[in-house]
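> Next comes model33.csv, CSV, C-alpha atoms:
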```
chain,number,residue,atom,x,y,z
A,1,MET,CA,3.9,2.0,-36.9
A,2,ARG,CA,1.9,-0.6,-38.7
A,3,GLU,CA,0.5,-3.8,-37.3
A,4,VAL,CA,2.4,-6.9,-38.4
A,5,ARG,CA,0.9,-9.6,-36.2
A,6,LYS,CA,-2.1,-10.0,-33.9
A,7,VAL,CA,-2.1,-12.5,-30.9
A,8,ARG,CA,-5.2,-13.0,-28.8
A,9,LEU,CA,-4.4,-12.9,-25.1
A,10,ALA,CA,-6.3,-13.5,-21.9
A,11,GLY,CA,-5.6,-10.1,-20.5
A,12,ILE,CA,-3.7,-6.8,-20.8
A,13,PRO,CA,0.0,-7.5,-21.5
A,14,SER,CA,2.7,-6.0,-19.2
A,15,ARG,CA,6.4,-6.8,-18.6
A,16,ALA,CA,6.8,-6.9,-22.4
A,17,ARG,CA,10.3,-7.5,-23.7
A,18,ILE,CA,12.0,-7.9,-27.2
A,19,SER,CA,15.3,-9.7,-27.7
A,20,ALA,CA,18.3,-7.7,-28.9
A,21,SER,CA,17.9,-9.1,-32.4
A,22,GLY,CA,14.2,-8.2,-32.5
A,23,ARG,CA,13.3,-11.8,-33.2
A,24,MET,CA,11.8,-12.9,-29.8
A,25,ALA,CA,9.0,-11.1,-28.1
A,26,SER,CA,7.5,-11.9,-24.6
A,27,TRP,CA,4.8,-10.5,-22.4
A,28,THR,CA,2.9,-11.3,-19.1
A,29,VAL,CA,-0.8,-10.9,-18.5
A,30,PHE,CA,-2.7,-11.0,-15.3
A,31,VAL,CA,-5.7,-13.4,-15.5
A,32,THR,CA,-8.6,-14.3,-13.1
A,33,GLY,CA,-10.4,-17.5,-12.6
A,34,ASP,CA,-7.7,-20.1,-12.2
A,35,SER,CA,-9.1,-22.6,-9.8
A,36,TYR,CA,-5.9,-23.1,-7.8
A,37,ASN,CA,-5.4,-19.4,-7.0
A,38,SER,CA,-7.4,-18.1,-4.1
A,39,GLY,CA,-5.8,-14.7,-4.4
A,40,GLY,CA,-8.0,-13.7,-7.3
A,41,PHE,CA,-5.4,-13.6,-10.2
A,42,SER,CA,-2.5,-15.4,-11.7
A,43,THR,CA,-0.1,-14.7,-14.5
A,44,TRP,CA,0.3,-16.1,-18.0
A,45,SER,CA,3.5,-15.4,-19.9
A,46,GLY,CA,4.0,-15.9,-23.6
A,47,ILE,CA,6.7,-15.9,-26.2
A,48,LEU,CA,6.5,-15.2,-29.9
A,49,ASP,CA,9.2,-16.1,-32.4
A,50,THR,CA,8.7,-13.4,-35.1
A,51,LYS,CA,10.9,-15.3,-37.6
A,52,THR,CA,8.9,-18.5,-37.6
A,53,GLY,CA,5.6,-17.1,-36.4
A,54,TYR,CA,5.4,-19.7,-33.6
A,55,VAL,CA,3.7,-18.4,-30.5
A,56,ILE,CA,3.2,-19.9,-27.0
A,57,THR,CA,0.6,-17.8,-25.1
A,58,ASN,CA,1.3,-19.5,-21.8
A,59,ILE,CA,4.7,-21.1,-21.0
A,60,GLU,CA,3.5,-22.9,-17.8
A,61,GLU,CA,3.8,-26.4,-19.5
A,62,ILE,CA,7.5,-26.0,-20.1
A,63,PRO,CA,9.3,-29.0,-18.5
A,64,LEU,CA,10.8,-27.6,-15.2
A,65,ARG,CA,13.4,-28.8,-12.8
A,66,ILE,CA,13.8,-27.4,-9.3
A,67,ASP,CA,17.0,-28.3,-7.5
A,68,GLY,CA,17.7,-30.8,-10.4
A,69,ARG,CA,14.4,-32.7,-10.0
A,70,ARG,CA,11.5,-32.7,-12.4
A,71,TYR,CA,8.7,-30.5,-10.9
A,72,TYR,CA,5.0,-30.6,-11.4
A,73,SER,CA,2.4,-28.3,-9.7
A,74,ALA,CA,-0.9,-26.8,-10.8
A,75,ASP,CA,0.0,-23.4,-9.2
A,76,VAL,CA,3.1,-22.7,-11.4
A,77,ASN,CA,3.2,-19.1,-12.7
A,78,TYR,CA,5.8,-17.3,-14.8
A,79,TRP,CA,6.4,-13.7,-15.4
A,80,GLY,CA,9.1,-11.1,-16.4
A,81,ILE,CA,10.9,-12.9,-19.3
A,82,THR,CA,14.3,-11.6,-20.5
A,83,PHE,CA,16.2,-13.0,-23.5
A,84,ALA,CA,19.9,-13.8,-24.1
A,85,ALA,CA,21.6,-12.9,-27.4
A,86,ASP,CA,21.2,-16.3,-28.9
A,87,ASP,CA,17.4,-15.9,-29.0
A,88,SER,CA,16.9,-19.3,-27.2
A,89,ARG,CA,18.1,-18.9,-23.6
A,90,PHE,CA,15.8,-16.8,-21.4
A,91,TYR,CA,15.4,-15.9,-17.8
A,92,ALA,CA,12.1,-15.5,-15.9
A,93,THR,CA,10.4,-15.5,-12.5
A,94,LEU,CA,8.7,-18.7,-11.3
A,95,SER,CA,6.1,-18.7,-8.5
A,96,THR,CA,4.9,-21.9,-6.8
A,97,LYS,CA,3.9,-23.0,-3.3
A,98,GLY,CA,4.5,-19.5,-1.9
A,99,LYS,CA,8.0,-19.2,-3.2
A,100,THR,CA,9.6,-17.3,-6.1
A,101,TYR,CA,12.6,-18.5,-8.1
A,102,LEU,CA,14.9,-17.2,-10.9
A,103,VAL,CA,14.5,-19.6,-13.8
A,104,GLU,CA,16.8,-20.2,-16.8
A,105,GLY,CA,14.9,-21.4,-19.9
A,106,ASP,CA,15.8,-22.9,-23.2
A,107,PHE,CA,13.3,-22.1,-25.9
A,108,THR,CA,14.9,-24.3,-28.6
A,109,ASN,CA,15.0,-27.5,-26.4
A,110,TRP,CA,11.9,-26.4,-24.4
A,111,ARG,CA,13.1,-26.9,-20.9
A,112,ALA,CA,13.7,-24.8,-17.8
A,113,ARG,CA,15.5,-25.0,-14.4
A,114,THR,CA,15.7,-22.9,-11.3
A,115,LEU,CA,18.9,-21.0,-10.4
A,116,ARG,CA,18.0,-19.5,-7.0
A,117,GLU,CA,15.1,-18.4,-4.8
A,118,ASN,CA,13.7,-14.9,-4.1
A,119,ALA,CA,14.4,-13.2,-7.5
A,120,GLU,CA,11.7,-11.5,-9.6
A,121,CYS,CA,11.5,-9.7,-12.9
A,122,PRO,CA,15.0,-10.4,-14.2
A,123,SER,CA,16.7,-8.2,-16.8
A,124,LEU,CA,19.8,-9.5,-18.6
A,125,SER,CA,22.6,-7.1,-19.4
A,126,PRO,CA,23.5,-6.5,-23.1
A,127,ASP,CA,26.7,-8.5,-22.8
A,128,GLY,CA,24.9,-11.4,-21.1
A,129,SER,CA,27.0,-11.4,-18.0
A,130,THR,CA,24.7,-9.9,-15.3
A,131,LEU,CA,21.1,-10.2,-14.3
A,132,VAL,CA,19.4,-7.4,-12.3
A,133,TYR,CA,16.2,-8.3,-10.5
A,134,LYS,CA,14.1,-7.3,-7.5
A,135,LYS,CA,14.5,-9.2,-4.3
A,136,ARG,CA,12.3,-9.3,-1.2
A,137,VAL,CA,14.2,-7.8,1.7
A,138,LYS,CA,13.4,-6.3,5.2
A,139,PRO,CA,11.9,-3.8,5.7
A,140,GLY,CA,11.4,-3.7,1.9
A,141,PRO,CA,9.5,-5.2,0.4
A,142,TRP,CA,11.9,-5.0,-2.6
A,143,ARG,CA,15.4,-4.0,-3.4
A,144,LEU,CA,17.2,-4.2,-6.8
A,145,HIS,CA,20.1,-6.7,-6.9
A,146,ALA,CA,22.6,-7.7,-9.5
A,147,LEU,CA,23.7,-11.3,-10.1
A,148,ASP,CA,27.0,-12.1,-11.8
A,149,LEU,CA,26.2,-15.3,-13.8
A,150,ALA,CA,29.8,-16.5,-14.0
A,151,THR,CA,30.5,-16.3,-10.2
A,152,GLY,CA,27.1,-16.4,-8.7
A,153,ARG,CA,27.9,-13.3,-6.7
A,154,GLU,CA,24.8,-11.2,-5.8
A,155,THR,CA,25.2,-7.5,-5.1
A,156,PRO,CA,22.5,-5.0,-3.8
A,157,LEU,CA,22.3,-1.9,-5.9
A,158,ALA,CA,22.6,1.6,-4.4
A,159,GLU,CA,18.9,2.3,-4.9
A,160,THR,CA,17.5,1.6,-1.5
A,161,ALA,CA,13.8,2.5,-2.3
A,162,SER,CA,11.4,-0.4,-2.8
A,163,ILE,CA,11.3,-0.9,-6.6
A,164,ASP,CA,8.4,-2.9,-8.0
A,165,ASP,CA,9.5,-2.9,-11.6
A,166,GLN,CA,11.4,-5.0,-14.2
A,167,ALA,CA,14.5,-2.9,-14.7
A,168,ALA,CA,15.8,-2.2,-18.2
A,169,TRP,CA,19.5,-1.7,-19.1
A,170,LEU,CA,20.4,1.8,-20.2
A,171,ASP,CA,23.9,0.7,-21.2
A,172,GLU,CA,26.4,-2.0,-20.3
A,173,ARG,CA,26.9,-0.6,-16.7
A,174,THR,CA,23.6,1.1,-15.8
A,175,VAL,CA,20.0,0.1,-15.3
A,176,MET,CA,16.9,2.2,-15.3
A,177,TYR,CA,13.5,1.7,-13.6
A,178,ALA,CA,10.3,3.3,-12.6
A,179,LYS,CA,10.2,5.0,-9.2
A,180,GLY,CA,7.0,6.9,-8.4
A,181,LYS,CA,6.1,8.8,-11.5
A,182,ASP,CA,9.6,9.1,-12.9
A,183,ILE,CA,12.4,7.0,-14.5
A,184,TRP,CA,15.6,6.7,-12.5
A,185,SER,CA,18.9,5.1,-13.2
A,186,VAL,CA,21.7,3.5,-11.0
A,187,PRO,CA,25.0,1.7,-11.7
A,188,ALA,CA,24.5,-2.1,-11.9
A,189,ASN,CA,27.6,-2.9,-9.8
A,190,GLY,CA,26.3,-1.6,-6.4
A,191,THR,CA,28.3,1.7,-6.5
A,192,GLY,CA,27.2,5.3,-7.1
A,193,THR,CA,23.8,6.9,-6.3
A,194,PRO,CA,20.4,6.8,-8.0
A,195,HIS,CA,19.9,9.5,-10.7
A,196,LEU,CA,16.7,11.0,-12.0
A,197,LEU,CA,16.7,10.2,-15.7
A,198,THR,CA,13.3,11.2,-17.0
A,199,PRO,CA,10.5,12.8,-15.0
A,200,ASN,CA,6.8,11.9,-15.6
A,201,ALA,CA,7.6,8.8,-17.6
A,202,SER,CA,7.3,5.0,-17.2
A,203,SER,CA,8.2,1.7,-19.0
A,204,PRO,CA,11.7,2.7,-20.2
A,205,SER,CA,13.5,0.9,-23.0
A,206,ALA,CA,16.8,1.4,-24.8
A,207,THR,CA,18.3,0.3,-28.1
A,208,HIS,CA,21.9,-1.1,-28.1
```
Could you spell out this file's structure in structure tokens?

Amino acid sequence: MREVRKVRLAGIPSRARISASGRMASWTVFVTGDSYNSGGFSTWSGILDTKTGYVITNIEEIPLRIDGRRYYSADVNYWGITFAADDSRFYATLSTKGKTYLVEGDFTNWRARTLRENAECPSLSPDGSTLVYKKRVKPGPWRLHALDLATGRETPLAETASIDDQAAWLDERTVMYAKGKDIWSVPANGTGTPHLLTPNASSPSATH
């Protein structure tokens, strides 16, 4: 438990994630004062390569394509980064013009593209095949969904409560998340029922 690196940020980090290898670290901070945001705050998301020491405190300048076209806007915000096993590909949430998108990013080549609308706080499975994220639904506002990256099939999970969290993978088939003051788990394929995993806890993480 010793400090190995210090990075100055614009706020208190949340939605923090480490890649499976331990090399890549990411975080999101809420900031105030951005001129384009009348709502009072925006998000900055950063990435640290612990091997090279290279750090990006705000990824908003990454070249972005929406529906295949290069996109520019002052109100672009990212949050909820999750890494693939190669330590280059990542997924995140993009917000712009009142819409949210699931984004696939390439750290090595420094570029990003949208995959679909209405997906926030993605979490990639240990085998890299499935993303779980929260999606706005009615009456909602949120419900956890799973996306098969190979087929594009989206499946609502058996947890019907509104979950405002970036889920974490407990194992290859199960995700865990904060609900109320406790940690719950549910199968990632849409079957089964929610299960109380740990009472009086938050921000779960598992090693694989």
> Determine the nearest neighbour of His145 (chain A) from the options A:Gly80, A:Pro13, A:Gly22, A:Gly190, counting only C-alpha atoms.
A:Gly190
> Interatomic distance between CA of Gly105 (chain A) and CA of Tyr72 (chain A)?
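We find that CA of Gly105 (chain A) and CA of Tyr72 (chain A) lie 16.0 Å from each other.
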> In Å, with one decimal, what is the gap from CA of Ser203 (chain A) to CA of Ala178 (chain A)?
6.9 Å
> Can you measure CA of Ala25 (chain A) to CA of Thr52 (chain A) for me? One decimal in Å is fine.
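Going from CA of Ala25 (chain A) over to CA of Thr52 (chain A) covers 12.0 Å.
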> Please provide the set of residues having any atom within 8 Å of Asp182 (chain A), restricted to only C-alpha atoms, with same-chain residues fewer than 2 positions apart removed, written as a list in words.
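The residues satisfying every condition are Ala178, Lys179, Gly180, Trp184, Leu196, Leu197, Thr198, Pro199, Asn200, Ala201 and Ser202 of chain A.
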> Would you kindly return, as a PyMOL selection string, each protein, DNA or RNA residue with an atom no farther than 10 Å from any atom of Gln166 (chain A), considering all atoms listed in the file and excluding same-chain residues fewer than 5 positions away?
chain A and resi 15-17+80-82+120-123+132-134+144+176-178+203-204
> Nearest to Lys135 (chain A) among A:Glu154, A:Glu61, A:Glu172, A:Asp148, with distances taken over only C-alpha atoms: which residue is it?
A:Glu154
> Nearest residue to Asn109 (chain A) out of A:Tyr71, A:Phe30, A:Phe90, A:Trp142, using all atoms listed in the file?
A:Phe90
